[in-house]
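Undergrad: To be precise about what I am sending: the file is called start.cif and holds mmCIF, N, CA and C atoms and all ligand atoms.
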```cif
data_input
loop_
_atom_site.label_atom_id
_atom_site.label_comp_id
_atom_site.auth_asym_id
_atom_site.auth_seq_id
_atom_site.Cartn_x
_atom_site.Cartn_y
_atom_site.Cartn_z
N MET Q 1 -110.87 -36.93 74.62
CA MET Q 1 -110.86 -36.07 73.43
C MET Q 1 -112.07 -36.38 72.57
N SER Q 2 -112.95 -35.42 72.36
CA SER Q 2 -114.24 -35.68 71.73
C SER Q 2 -114.10 -36.06 70.26
N ASP Q 3 -113.03 -35.63 69.59
CA ASP Q 3 -112.89 -35.92 68.16
C ASP Q 3 -111.91 -37.04 67.87
N CYS Q 4 -111.54 -37.81 68.89
CA CYS Q 4 -110.55 -38.87 68.71
C CYS Q 4 -111.26 -40.21 68.49
N ILE Q 5 -110.95 -40.86 67.36
CA ILE Q 5 -111.59 -42.14 67.03
C ILE Q 5 -111.39 -43.16 68.14
N PHE Q 6 -110.18 -43.22 68.67
CA PHE Q 6 -109.91 -44.27 69.67
C PHE Q 6 -110.55 -43.93 71.01
N CYS Q 7 -110.68 -42.67 71.37
CA CYS Q 7 -111.46 -42.33 72.56
C CYS Q 7 -112.92 -42.72 72.37
N LYS Q 8 -113.43 -42.58 71.13
CA LYS Q 8 -114.81 -43.00 70.85
C LYS Q 8 -114.95 -44.52 70.93
N ILE Q 9 -113.91 -45.25 70.53
CA ILE Q 9 -113.93 -46.70 70.70
C ILE Q 9 -113.93 -47.04 72.19
N LEU Q 10 -113.12 -46.32 72.97
CA LEU Q 10 -113.08 -46.57 74.42
C LEU Q 10 -114.44 -46.33 75.08
N SER Q 11 -115.14 -45.30 74.62
CA SER Q 11 -116.44 -44.97 75.23
C SER Q 11 -117.55 -45.86 74.71
N GLY Q 12 -117.28 -46.62 73.63
CA GLY Q 12 -118.31 -47.46 73.03
C GLY Q 12 -119.10 -46.78 71.94
N GLU Q 13 -118.82 -45.49 71.72
CA GLU Q 13 -119.54 -44.74 70.68
C GLU Q 13 -119.29 -45.34 69.30
N ILE Q 14 -118.04 -45.80 69.07
CA ILE Q 14 -117.70 -46.55 67.86
C ILE Q 14 -117.46 -47.99 68.29
N PRO Q 15 -118.17 -48.95 67.66
CA PRO Q 15 -117.99 -50.35 68.06
C PRO Q 15 -116.63 -50.91 67.67
N SER Q 16 -116.16 -51.87 68.43
CA SER Q 16 -114.91 -52.54 68.12
C SER Q 16 -114.98 -53.97 68.63
N LYS Q 17 -114.07 -54.80 68.12
CA LYS Q 17 -113.98 -56.19 68.58
C LYS Q 17 -112.88 -56.26 69.63
N ALA Q 18 -113.27 -56.21 70.88
CA ALA Q 18 -112.30 -56.17 71.98
C ALA Q 18 -111.63 -57.52 72.18
N LEU Q 19 -110.33 -57.47 72.48
CA LEU Q 19 -109.57 -58.69 72.78
C LEU Q 19 -108.99 -58.68 74.18
N TYR Q 20 -108.87 -57.51 74.78
CA TYR Q 20 -108.24 -57.42 76.10
C TYR Q 20 -108.62 -56.08 76.72
N GLU Q 21 -108.81 -56.09 78.05
CA GLU Q 21 -109.06 -54.83 78.75
C GLU Q 21 -108.61 -54.96 80.19
N ASP Q 22 -107.98 -53.92 80.71
CA ASP Q 22 -107.75 -53.81 82.16
C ASP Q 22 -107.97 -52.36 82.55
N ASP Q 23 -107.52 -51.98 83.74
CA ASP Q 23 -107.81 -50.62 84.23
C ASP Q 23 -107.19 -49.54 83.34
N ASP Q 24 -106.09 -49.86 82.68
CA ASP Q 24 -105.33 -48.84 81.97
C ASP Q 24 -105.27 -49.02 80.45
N VAL Q 25 -105.60 -50.21 79.99
CA VAL Q 25 -105.31 -50.61 78.61
C VAL Q 25 -106.55 -51.23 77.97
N PHE Q 26 -106.71 -50.99 76.66
CA PHE Q 26 -107.78 -51.62 75.88
C PHE Q 26 -107.17 -52.10 74.57
N ALA Q 27 -107.59 -53.26 74.09
CA ALA Q 27 -107.07 -53.80 72.84
C ALA Q 27 -108.20 -54.35 72.00
N PHE Q 28 -108.11 -54.11 70.69
CA PHE Q 28 -109.19 -54.47 69.78
C PHE Q 28 -108.62 -54.76 68.41
N GLU Q 29 -109.39 -55.48 67.60
CA GLU Q 29 -108.94 -55.85 66.26
C GLU Q 29 -108.87 -54.62 65.36
N ASP Q 30 -107.80 -54.56 64.55
CA ASP Q 30 -107.69 -53.48 63.57
C ASP Q 30 -108.78 -53.64 62.50
N LEU Q 31 -109.38 -52.52 62.10
CA LEU Q 31 -110.46 -52.53 61.10
C LEU Q 31 -109.95 -53.00 59.74
N ASN Q 32 -108.69 -52.75 59.45
CA ASN Q 32 -108.10 -53.06 58.15
C ASN Q 32 -106.84 -53.90 58.38
N PRO Q 33 -107.03 -55.19 58.74
CA PRO Q 33 -105.90 -55.99 59.22
C PRO Q 33 -104.83 -56.22 58.16
N GLN Q 34 -103.58 -56.10 58.58
CA GLN Q 34 -102.43 -56.28 57.70
C GLN Q 34 -101.75 -57.63 57.92
N ALA Q 35 -102.33 -58.46 58.75
CA ALA Q 35 -101.80 -59.80 59.04
C ALA Q 35 -102.96 -60.60 59.64
N PRO Q 36 -102.85 -61.93 59.67
CA PRO Q 36 -103.94 -62.72 60.26
C PRO Q 36 -104.31 -62.28 61.68
N LEU Q 37 -103.31 -61.89 62.45
CA LEU Q 37 -103.60 -61.24 63.74
C LEU Q 37 -103.09 -59.80 63.65
N HIS Q 38 -103.99 -58.84 63.79
CA HIS Q 38 -103.60 -57.42 63.80
C HIS Q 38 -104.46 -56.73 64.85
N VAL Q 39 -103.82 -56.43 65.96
CA VAL Q 39 -104.51 -55.88 67.12
C VAL Q 39 -103.93 -54.51 67.43
N LEU Q 40 -104.79 -53.61 67.85
CA LEU Q 40 -104.36 -52.29 68.32
C LEU Q 40 -104.50 -52.25 69.83
N ILE Q 41 -103.45 -51.82 70.51
CA ILE Q 41 -103.42 -51.81 71.97
C ILE Q 41 -103.20 -50.38 72.40
N ILE Q 42 -104.16 -49.84 73.14
CA ILE Q 42 -104.14 -48.41 73.43
C ILE Q 42 -104.25 -48.14 74.94
N PRO Q 43 -103.66 -47.02 75.38
CA PRO Q 43 -103.91 -46.59 76.76
C PRO Q 43 -105.30 -45.97 76.86
N LYS Q 44 -105.92 -46.09 78.03
CA LYS Q 44 -107.24 -45.48 78.22
C LYS Q 44 -107.15 -43.97 78.37
N THR Q 45 -105.96 -43.47 78.60
CA THR Q 45 -105.76 -42.02 78.60
C THR Q 45 -105.36 -41.56 77.20
N HIS Q 46 -105.83 -40.39 76.82
CA HIS Q 46 -105.53 -39.86 75.49
C HIS Q 46 -104.13 -39.23 75.49
N ILE Q 47 -103.22 -39.88 74.76
CA ILE Q 47 -101.87 -39.35 74.54
C ILE Q 47 -101.69 -39.35 73.03
N GLU Q 48 -101.33 -38.20 72.44
CA GLU Q 48 -101.36 -38.11 70.98
C GLU Q 48 -100.26 -38.91 70.31
N THR Q 49 -99.02 -38.70 70.71
CA THR Q 49 -97.90 -39.39 70.07
C THR Q 49 -96.83 -39.68 71.11
N ILE Q 50 -95.82 -40.42 70.68
CA ILE Q 50 -94.68 -40.67 71.56
C ILE Q 50 -94.07 -39.34 72.01
N ASN Q 51 -94.14 -38.32 71.18
CA ASN Q 51 -93.58 -37.01 71.53
C ASN Q 51 -94.26 -36.40 72.76
N ASN Q 52 -95.44 -36.88 73.09
CA ASN Q 52 -96.17 -36.35 74.24
C ASN Q 52 -95.96 -37.17 75.51
N LEU Q 53 -95.08 -38.18 75.44
CA LEU Q 53 -94.79 -38.96 76.64
C LEU Q 53 -93.86 -38.19 77.57
N ASP Q 54 -94.07 -38.38 78.86
CA ASP Q 54 -93.17 -37.79 79.86
C ASP Q 54 -93.16 -38.70 81.09
N ASN Q 55 -92.47 -38.27 82.13
CA ASN Q 55 -92.34 -39.11 83.32
C ASN Q 55 -93.67 -39.36 84.02
N HIS Q 56 -94.67 -38.55 83.75
CA HIS Q 56 -95.97 -38.70 84.43
C HIS Q 56 -96.91 -39.66 83.71
N ASN Q 57 -96.79 -39.79 82.39
CA ASN Q 57 -97.78 -40.58 81.66
C ASN Q 57 -97.21 -41.82 80.96
N SER Q 58 -95.90 -42.07 81.12
CA SER Q 58 -95.28 -43.11 80.29
C SER Q 58 -95.32 -44.51 80.91
N ALA Q 59 -95.74 -44.64 82.16
CA ALA Q 59 -95.75 -45.97 82.78
C ALA Q 59 -96.67 -46.92 82.03
N VAL Q 60 -97.70 -46.37 81.38
CA VAL Q 60 -98.66 -47.22 80.68
C VAL Q 60 -98.03 -47.93 79.48
N ILE Q 61 -96.91 -47.42 78.99
CA ILE Q 61 -96.31 -48.03 77.80
C ILE Q 61 -95.88 -49.47 78.10
N GLY Q 62 -95.33 -49.70 79.27
CA GLY Q 62 -94.98 -51.07 79.65
C GLY Q 62 -96.21 -51.96 79.70
N LYS Q 63 -97.34 -51.38 80.13
CA LYS Q 63 -98.58 -52.16 80.20
C LYS Q 63 -99.10 -52.50 78.81
N LEU Q 64 -98.85 -51.63 77.83
CA LEU Q 64 -99.24 -51.97 76.46
C LEU Q 64 -98.48 -53.21 75.99
N TYR Q 65 -97.19 -53.27 76.33
CA TYR Q 65 -96.38 -54.43 75.93
C TYR Q 65 -96.81 -55.70 76.67
N LEU Q 66 -97.16 -55.57 77.94
CA LEU Q 66 -97.65 -56.75 78.66
C LEU Q 66 -98.94 -57.27 78.04
N ALA Q 67 -99.81 -56.36 77.61
CA ALA Q 67 -101.03 -56.78 76.92
C ALA Q 67 -100.70 -57.46 75.60
N ALA Q 68 -99.73 -56.89 74.85
CA ALA Q 68 -99.32 -57.50 73.57
C ALA Q 68 -98.82 -58.91 73.80
N LYS Q 69 -97.99 -59.07 74.82
CA LYS Q 69 -97.44 -60.40 75.15
C LYS Q 69 -98.56 -61.38 75.45
N LYS Q 70 -99.53 -60.96 76.23
CA LYS Q 70 -100.64 -61.86 76.60
C LYS Q 70 -101.51 -62.21 75.39
N ILE Q 71 -101.83 -61.22 74.58
CA ILE Q 71 -102.68 -61.47 73.40
C ILE Q 71 -101.96 -62.41 72.43
N ALA Q 72 -100.66 -62.16 72.22
CA ALA Q 72 -99.88 -63.02 71.32
C ALA Q 72 -99.83 -64.45 71.87
N PHE Q 73 -99.63 -64.57 73.17
CA PHE Q 73 -99.60 -65.90 73.78
C PHE Q 73 -100.94 -66.60 73.61
N ASP Q 74 -102.01 -65.89 73.95
CA ASP Q 74 -103.35 -66.49 73.88
C ASP Q 74 -103.71 -66.91 72.45
N ALA Q 75 -103.17 -66.18 71.46
CA ALA Q 75 -103.45 -66.49 70.05
C ALA Q 75 -102.49 -67.54 69.50
N GLY Q 76 -101.51 -67.97 70.30
CA GLY Q 76 -100.62 -69.05 69.90
C GLY Q 76 -99.39 -68.62 69.12
N TYR Q 77 -99.02 -67.35 69.22
CA TYR Q 77 -97.89 -66.84 68.44
C TYR Q 77 -96.62 -66.60 69.24
N SER Q 78 -96.58 -67.02 70.50
CA SER Q 78 -95.40 -66.72 71.33
C SER Q 78 -94.13 -67.30 70.73
N ASN Q 79 -94.18 -68.56 70.31
CA ASN Q 79 -92.97 -69.20 69.80
C ASN Q 79 -92.66 -68.79 68.37
N GLU Q 80 -93.68 -68.74 67.53
CA GLU Q 80 -93.49 -68.39 66.12
C GLU Q 80 -92.93 -66.98 65.97
N GLY Q 81 -93.42 -66.07 66.77
CA GLY Q 81 -92.96 -64.69 66.73
C GLY Q 81 -94.04 -63.75 66.26
N TYR Q 82 -93.86 -62.50 66.58
CA TYR Q 82 -94.84 -61.46 66.27
C TYR Q 82 -94.12 -60.13 66.30
N ARG Q 83 -94.79 -59.11 65.78
CA ARG Q 83 -94.20 -57.77 65.77
C ARG Q 83 -95.09 -56.81 66.53
N VAL Q 84 -94.46 -55.93 67.32
CA VAL Q 84 -95.19 -54.81 67.92
C VAL Q 84 -94.51 -53.54 67.44
N VAL Q 85 -95.32 -52.60 66.99
CA VAL Q 85 -94.76 -51.37 66.44
C VAL Q 85 -95.68 -50.20 66.77
N MET Q 86 -95.05 -49.06 67.04
CA MET Q 86 -95.81 -47.83 67.28
C MET Q 86 -95.28 -46.74 66.35
N ASN Q 87 -96.14 -46.26 65.47
CA ASN Q 87 -95.76 -45.19 64.56
C ASN Q 87 -95.86 -43.85 65.28
N CYS Q 88 -94.92 -42.96 64.99
CA CYS Q 88 -94.96 -41.61 65.59
C CYS Q 88 -94.90 -40.57 64.49
N GLY Q 89 -96.02 -39.90 64.27
CA GLY Q 89 -96.05 -38.81 63.31
C GLY Q 89 -96.40 -39.27 61.90
N GLU Q 90 -96.79 -38.31 61.07
CA GLU Q 90 -97.31 -38.62 59.74
C GLU Q 90 -96.28 -39.32 58.87
N ALA Q 91 -95.02 -38.93 58.92
CA ALA Q 91 -93.99 -39.52 58.05
C ALA Q 91 -93.78 -40.99 58.38
N ALA Q 92 -94.09 -41.37 59.60
CA ALA Q 92 -93.95 -42.78 60.00
C ALA Q 92 -95.23 -43.56 59.76
N GLY Q 93 -96.28 -42.89 59.30
CA GLY Q 93 -97.52 -43.59 58.98
C GLY Q 93 -98.59 -43.48 60.04
N GLN Q 94 -98.37 -42.65 61.07
CA GLN Q 94 -99.41 -42.50 62.10
C GLN Q 94 -100.60 -41.75 61.52
N THR Q 95 -101.78 -42.35 61.62
CA THR Q 95 -103.00 -41.71 61.11
C THR Q 95 -104.00 -41.40 62.21
N VAL Q 96 -103.88 -42.12 63.34
CA VAL Q 96 -104.76 -41.86 64.49
C VAL Q 96 -103.87 -41.36 65.62
N PHE Q 97 -104.18 -40.16 66.10
CA PHE Q 97 -103.28 -39.50 67.05
C PHE Q 97 -103.73 -39.72 68.50
N HIS Q 98 -103.81 -41.01 68.81
CA HIS Q 98 -103.98 -41.53 70.17
C HIS Q 98 -103.06 -42.75 70.16
N ILE Q 99 -101.98 -42.70 70.90
CA ILE Q 99 -100.93 -43.70 70.71
C ILE Q 99 -101.48 -45.12 70.80
N HIS Q 100 -100.88 -45.99 69.99
CA HIS Q 100 -101.33 -47.38 69.93
C HIS Q 100 -100.18 -48.25 69.48
N LEU Q 101 -100.10 -49.41 70.08
CA LEU Q 101 -99.20 -50.46 69.60
C LEU Q 101 -99.96 -51.28 68.59
N HIS Q 102 -99.32 -51.53 67.44
CA HIS Q 102 -99.82 -52.54 66.52
C HIS Q 102 -99.19 -53.87 66.93
N LEU Q 103 -100.00 -54.90 67.06
CA LEU Q 103 -99.51 -56.27 67.25
C LEU Q 103 -99.87 -57.05 65.99
N LEU Q 104 -98.83 -57.54 65.30
CA LEU Q 104 -99.03 -58.25 64.03
C LEU Q 104 -98.41 -59.63 64.12
N ALA Q 105 -99.12 -60.64 63.59
CA ALA Q 105 -98.60 -62.00 63.60
C ALA Q 105 -99.36 -62.83 62.58
N GLY Q 106 -98.75 -63.98 62.24
CA GLY Q 106 -99.45 -64.94 61.41
C GLY Q 106 -98.99 -64.96 59.97
N ARG Q 107 -98.01 -64.15 59.62
CA ARG Q 107 -97.41 -64.21 58.29
C ARG Q 107 -95.97 -63.74 58.43
N PRO Q 108 -95.10 -64.07 57.43
CA PRO Q 108 -93.73 -63.56 57.50
C PRO Q 108 -93.74 -62.02 57.49
N LEU Q 109 -92.99 -61.43 58.39
CA LEU Q 109 -92.94 -59.96 58.52
C LEU Q 109 -91.54 -59.51 58.11
N ASN Q 110 -91.47 -58.85 56.99
CA ASN Q 110 -90.15 -58.46 56.44
C ASN Q 110 -89.52 -57.34 57.24
N TRP Q 111 -88.19 -57.30 57.14
CA TRP Q 111 -87.43 -56.21 57.76
C TRP Q 111 -86.36 -55.75 56.80
N PRO Q 112 -86.15 -54.48 56.55
CA PRO Q 112 -86.85 -53.38 57.19
C PRO Q 112 -88.27 -53.21 56.65
N PRO Q 113 -89.16 -52.63 57.45
CA PRO Q 113 -90.52 -52.36 57.00
C PRO Q 113 -90.50 -51.24 55.96
N GLY Q 114 -91.56 -51.11 55.21
CA GLY Q 114 -91.63 -50.09 54.16
C GLY Q 114 -91.74 -48.69 54.73
P1 LIG Q 201 -101.61 -45.79 62.48
O1 LIG Q 201 -101.56 -45.65 60.98
O2 LIG Q 201 -102.07 -44.51 63.13
O3 LIG Q 201 -100.35 -46.32 63.08
O4 LIG Q 201 -102.71 -46.90 62.76
C1 LIG Q 201 -104.07 -46.61 62.82
C2 LIG Q 201 -104.80 -47.91 62.66
O5 LIG Q 201 -106.12 -47.73 63.08
C3 LIG Q 201 -104.85 -48.42 61.21
O6 LIG Q 201 -104.24 -49.70 61.12
C4 LIG Q 201 -106.36 -48.47 60.90
O7 LIG Q 201 -106.72 -49.60 60.13
C5 LIG Q 201 -106.98 -48.51 62.29
N1 LIG Q 201 -108.28 -47.89 62.40
C6 LIG Q 201 -108.65 -46.67 61.95
N2 LIG Q 201 -109.94 -46.42 62.27
C7 LIG Q 201 -110.38 -47.52 62.94
C8 LIG Q 201 -111.63 -47.86 63.54
O8 LIG Q 201 -112.62 -47.11 63.52
N3 LIG Q 201 -111.73 -49.09 64.14
C9 LIG Q 201 -110.67 -49.95 64.17
N4 LIG Q 201 -110.86 -51.14 64.77
N5 LIG Q 201 -109.47 -49.66 63.63
C10 LIG Q 201 -109.34 -48.46 63.02
ZN ZN Q 202 -108.01 -40.44 72.16
#
```
When written as structure tokens, how does the structure in this file appear?
TA:
Amino acid sequence: MSDCIFCKILSGEIPSKALYEDDDVFAFEDLNPQAPLHVLIIPKTHIETINNLDNHNSAVIGKLYLAAKKIAFDAGYSNEGYRVVMNCGEAAGQTVFHIHLHLLAGRPLNWPPG
């Protein structure tokens, strides 16, 4: 998608601080971190929201979680704990319409979220 910020990050057109990459998944530091560790984990295919998932494109979601687990482990947060969250739609706070897991760690994370 030519107008998608995260597709531009994938192509290198917009620079990012990469933390993980494999054939299907890319992860990079959030530009406006909300915790000491705040990583965005995205599929390399452009999928706008959870509403656009189906039986053909949803296998990558498990891979996003495996990447989150590895990044959290490598950063030393496996035991302490961390949060992974995916916003769907404007009312939930989604601002970039290329699905992404937020991985947050390093401070107390309240529940319920705002
Ligand atoms: P959302 O609100 O859609 O769930 O999350 C979008 C996230 O993308 C936000 O946390 C925001 O800080 C981050 N973001 C937006 N533009 C950029 C960018 O150009 N580079 C990086 N690294 N993060 C971005
Ligand atoms: Zn995209």
Undergrad: Each residue of chain Q lying at most 7 Å from ligand LIG 201 (chain Q) should get a row with its shortest atom-to-atom pair and the distance in Å to one decimal, counting all atoms listed in the file; could you produce that, ordered by chain and increasing number, as a Markdown table?
TA:
```
| residue | atom | partner | partner_atom | distance |
| --- | --- | --- | --- | --- |
| Q:Ile5 | CA | Q:LIG201 | O8 | 6.2 |
| Q:Phe6 | N | Q:LIG201 | O8 | 6.9 |
| Q:Ile14 | CA | Q:LIG201 | O8 | 6.7 |
| Q:Pro15 | C | Q:LIG201 | N3 | 6.3 |
| Q:Ser16 | CA | Q:LIG201 | N4 | 5.4 |
| Q:Lys17 | N | Q:LIG201 | N4 | 5.9 |
| Q:Phe28 | C | Q:LIG201 | N4 | 5.6 |
| Q:Glu29 | C | Q:LIG201 | N4 | 4.1 |
| Q:Asp30 | C | Q:LIG201 | N4 | 4.0 |
| Q:Leu31 | N | Q:LIG201 | N5 | 3.2 |
| Q:Asn32 | N | Q:LIG201 | O7 | 3.8 |
| Q:Pro33 | N | Q:LIG201 | O7 | 5.8 |
| Q:Gln34 | N | Q:LIG201 | O6 | 6.9 |
| Q:Met86 | C | Q:LIG201 | O3 | 6.0 |
| Q:Asn87 | N | Q:LIG201 | O3 | 4.8 |
| Q:Cys88 | N | Q:LIG201 | O3 | 6.7 |
| Q:Ala92 | C | Q:LIG201 | O3 | 6.7 |
| Q:Gly93 | C | Q:LIG201 | O1 | 3.8 |
| Q:Gln94 | CA | Q:LIG201 | O2 | 3.5 |
| Q:Thr95 | N | Q:LIG201 | O2 | 2.7 |
| Q:Val96 | N | Q:LIG201 | O2 | 3.0 |
| Q:Phe97 | N | Q:LIG201 | O2 | 5.7 |
| Q:His98 | N | Q:LIG201 | O2 | 6.9 |
| Q:His100 | C | Q:LIG201 | O3 | 6.7 |
| Q:His102 | N | Q:LIG201 | O3 | 6.9 |
```
Undergrad: Please produce, as a Markdown table, a per-residue contact table for chain Q versus ligand ZN 202 (chain Q) (criterion: any atom at most 8 Å away, only C-alpha atoms and all ligand atoms considered), showing the nearest atom pair and its distance in Å to one decimal, sorted by chain then residue number.
TA:
```
| residue | atom | partner | partner_atom | distance |
| --- | --- | --- | --- | --- |
| Q:Met1 | CA | Q:ZN202 | ZN | 5.4 |
| Q:Ser2 | CA | Q:ZN202 | ZN | 7.9 |
| Q:Asp3 | CA | Q:ZN202 | ZN | 7.8 |
| Q:Cys4 | CA | Q:ZN202 | ZN | 4.6 |
| Q:Ile5 | CA | Q:ZN202 | ZN | 6.5 |
| Q:Phe6 | CA | Q:ZN202 | ZN | 4.9 |
| Q:Cys7 | CA | Q:ZN202 | ZN | 4.0 |
| Q:Lys8 | CA | Q:ZN202 | ZN | 7.4 |
| Q:Lys44 | CA | Q:ZN202 | ZN | 7.9 |
| Q:Thr45 | CA | Q:ZN202 | ZN | 7.0 |
| Q:His46 | CA | Q:ZN202 | ZN | 4.2 |
| Q:Ile47 | CA | Q:ZN202 | ZN | 6.7 |
| Q:Glu48 | CA | Q:ZN202 | ZN | 7.1 |
| Q:Phe97 | CA | Q:ZN202 | ZN | 7.0 |
| Q:His98 | CA | Q:ZN202 | ZN | 4.6 |
| Q:Ile99 | CA | Q:ZN202 | ZN | 7.9 |
```
Undergrad: Using backbone DSSP assignments, extract all helix (DSSP H, G or I) residues from chain Q; output them as a ChimeraX atom specification.
TA: /Q:5-11,50-52,59-74,90-92
Undergrad: Include N, CA and C atoms and write out the residues we just selected as a compact mmCIF listing (two decimals), keeping the file's coordinate frame.
TA:
```
# COMPACT_ATOMS: atom_id res chain seq x y z
N ILE Q 5 -110.95 -40.86 67.36
CA ILE Q 5 -111.59 -42.14 67.03
C ILE Q 5 -111.39 -43.16 68.14
N PHE Q 6 -110.18 -43.22 68.67
CA PHE Q 6 -109.91 -44.27 69.67
C PHE Q 6 -110.55 -43.93 71.01
N CYS Q 7 -110.68 -42.67 71.37
CA CYS Q 7 -111.46 -42.33 72.56
C CYS Q 7 -112.92 -42.72 72.37
N LYS Q 8 -113.43 -42.58 71.13
CA LYS Q 8 -114.81 -43.00 70.85
C LYS Q 8 -114.95 -44.52 70.93
N ILE Q 9 -113.91 -45.25 70.53
CA ILE Q 9 -113.93 -46.70 70.70
C ILE Q 9 -113.93 -47.04 72.19
N LEU Q 10 -113.12 -46.32 72.97
CA LEU Q 10 -113.08 -46.57 74.42
C LEU Q 10 -114.44 -46.33 75.08
N SER Q 11 -115.14 -45.30 74.62
CA SER Q 11 -116.44 -44.97 75.23
C SER Q 11 -117.55 -45.86 74.71
N ILE Q 50 -95.82 -40.42 70.68
CA ILE Q 50 -94.68 -40.67 71.56
C ILE Q 50 -94.07 -39.34 72.01
N ASN Q 51 -94.14 -38.32 71.18
CA ASN Q 51 -93.58 -37.01 71.53
C ASN Q 51 -94.26 -36.40 72.76
N ASN Q 52 -95.44 -36.88 73.09
CA ASN Q 52 -96.17 -36.35 74.24
C ASN Q 52 -95.96 -37.17 75.51
N ALA Q 59 -95.74 -44.64 82.16
CA ALA Q 59 -95.75 -45.97 82.78
C ALA Q 59 -96.67 -46.92 82.03
N VAL Q 60 -97.70 -46.37 81.38
CA VAL Q 60 -98.66 -47.22 80.68
C VAL Q 60 -98.03 -47.93 79.48
N ILE Q 61 -96.91 -47.42 78.99
CA ILE Q 61 -96.31 -48.03 77.80
C ILE Q 61 -95.88 -49.47 78.10
N GLY Q 62 -95.33 -49.70 79.27
CA GLY Q 62 -94.98 -51.07 79.65
C GLY Q 62 -96.21 -51.96 79.70
N LYS Q 63 -97.34 -51.38 80.13
CA LYS Q 63 -98.58 -52.16 80.20
C LYS Q 63 -99.10 -52.50 78.81
N LEU Q 64 -98.85 -51.63 77.83
CA LEU Q 64 -99.24 -51.97 76.46
C LEU Q 64 -98.48 -53.21 75.99
N TYR Q 65 -97.19 -53.27 76.33
CA TYR Q 65 -96.38 -54.43 75.93
C TYR Q 65 -96.81 -55.70 76.67
N LEU Q 66 -97.16 -55.57 77.94
CA LEU Q 66 -97.65 -56.75 78.66
C LEU Q 66 -98.94 -57.27 78.04
N ALA Q 67 -99.81 -56.36 77.61
CA ALA Q 67 -101.03 -56.78 76.92
C ALA Q 67 -100.70 -57.46 75.60
N ALA Q 68 -99.73 -56.89 74.85
CA ALA Q 68 -99.32 -57.50 73.57
C ALA Q 68 -98.82 -58.91 73.80
N LYS Q 69 -97.99 -59.07 74.82
CA LYS Q 69 -97.44 -60.40 75.15
C LYS Q 69 -98.56 -61.38 75.45
N LYS Q 70 -99.53 -60.96 76.23
CA LYS Q 70 -100.64 -61.86 76.60
C LYS Q 70 -101.51 -62.21 75.39
N ILE Q 71 -101.83 -61.22 74.58
CA ILE Q 71 -102.68 -61.47 73.40
C ILE Q 71 -101.96 -62.41 72.43
N ALA Q 72 -100.66 -62.16 72.22
CA ALA Q 72 -99.88 -63.02 71.32
C ALA Q 72 -99.83 -64.45 71.87
N PHE Q 73 -99.63 -64.57 73.17
CA PHE Q 73 -99.60 -65.90 73.78
C PHE Q 73 -100.94 -66.60 73.61
N ASP Q 74 -102.01 -65.89 73.95
CA ASP Q 74 -103.35 -66.49 73.88
C ASP Q 74 -103.71 -66.91 72.45
N GLU Q 90 -96.79 -38.31 61.07
CA GLU Q 90 -97.31 -38.62 59.74
C GLU Q 90 -96.28 -39.32 58.87
N ALA Q 91 -95.02 -38.93 58.92
CA ALA Q 91 -93.99 -39.52 58.05
C ALA Q 91 -93.78 -40.99 58.38
N ALA Q 92 -94.09 -41.37 59.60
CA ALA Q 92 -93.95 -42.78 60.00
C ALA Q 92 -95.23 -43.56 59.76
```
Undergrad: Please, what distance in Å, to one decimal, runs between atom CA of Leu40 of chain Q and atom CA of Leu109 of chain Q?
TA: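 Separation between atom CA of Leu40 of chain Q and atom CA of Leu109 of chain Q: 16.9 Å.
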Undergrad: Quick one: distance from atom C of Arg83 of chain Q to atom C of Glu13 of chain Q in Å, one decimal?
TA: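 Going from atom C of Arg83 of chain Q over to atom C of Glu13 of chain Q covers 26.9 Å.
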Undergrad: Excluding segment 79-82 of chain Q and residues on its chain fewer than 3 positions from it, collect all residues at most 8 Å away from it, counting only N, CA and C atoms, and give them as a PyMOL selection string.
TA: chain Q and resi 72-73+76+85+103-107+109
Undergrad: Where does DSSP see strand (DSSP E or B) in segment 5-113 of chain Q, if you list the residues as a PyMOL selection string?
TA: chain Q and resi 18-21+25-29+37-43+83-85+101-105
Undergrad: How many Å lie between atom C of Val25 of chain Q and atom N of Ala91 of chain Q, rounded to one decimal?
TA: 25.4 Å
Undergrad: Save segment 30-35 of chain Q of the structure in the block above to a file, with N, CA, C and O atoms included, as a PDB file, in the first residue's frame.
TA:
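Printed below is selection_9.pdb as written:
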```pdb
ATOM      1  N   ASP Q  30       8.676   1.731  18.761  1.00  0.00           N
ATOM      2  CA  ASP Q  30       7.651   2.755  18.554  1.00  0.00           C
ATOM      3  C   ASP Q  30       8.297   4.142  18.620  1.00  0.00           C
ATOM      4  O   ASP Q  30       9.163   4.406  19.452  1.00  0.00           O
ATOM      5  N   LEU Q  31       7.859   5.031  17.727  1.00  0.00           N
ATOM      6  CA  LEU Q  31       8.404   6.397  17.656  1.00  0.00           C
ATOM      7  C   LEU Q  31       8.085   7.186  18.917  1.00  0.00           C
ATOM      8  O   LEU Q  31       8.844   8.081  19.296  1.00  0.00           O
ATOM      9  N   ASN Q  32       6.974   6.877  19.559  1.00  0.00           N
ATOM     10  CA  ASN Q  32       6.497   7.617  20.733  1.00  0.00           C
ATOM     11  C   ASN Q  32       6.249   6.617  21.861  1.00  0.00           C
ATOM     12  O   ASN Q  32       5.102   6.317  22.194  1.00  0.00           O
ATOM     13  N   PRO Q  33       7.340   6.107  22.468  1.00  0.00           N
ATOM     14  CA  PRO Q  33       7.202   4.972  23.381  1.00  0.00           C
ATOM     15  C   PRO Q  33       6.387   5.294  24.632  1.00  0.00           C
ATOM     16  O   PRO Q  33       6.554   6.344  25.238  1.00  0.00           O
ATOM     17  N   GLN Q  34       5.527   4.361  25.004  1.00  0.00           N
ATOM     18  CA  GLN Q  34       4.660   4.504  26.175  1.00  0.00           C
ATOM     19  C   GLN Q  34       5.159   3.673  27.353  1.00  0.00           C
ATOM     20  O   GLN Q  34       4.487   3.599  28.386  1.00  0.00           O
ATOM     21  N   ALA Q  35       6.312   3.063  27.217  1.00  0.00           N
ATOM     22  CA  ALA Q  35       6.929   2.251  28.270  1.00  0.00           C
ATOM     23  C   ALA Q  35       8.406   2.124  27.910  1.00  0.00           C
ATOM     24  O   ALA Q  35       8.787   2.383  26.753  1.00  0.00           O
TER      25      ALA Q  35
END
```
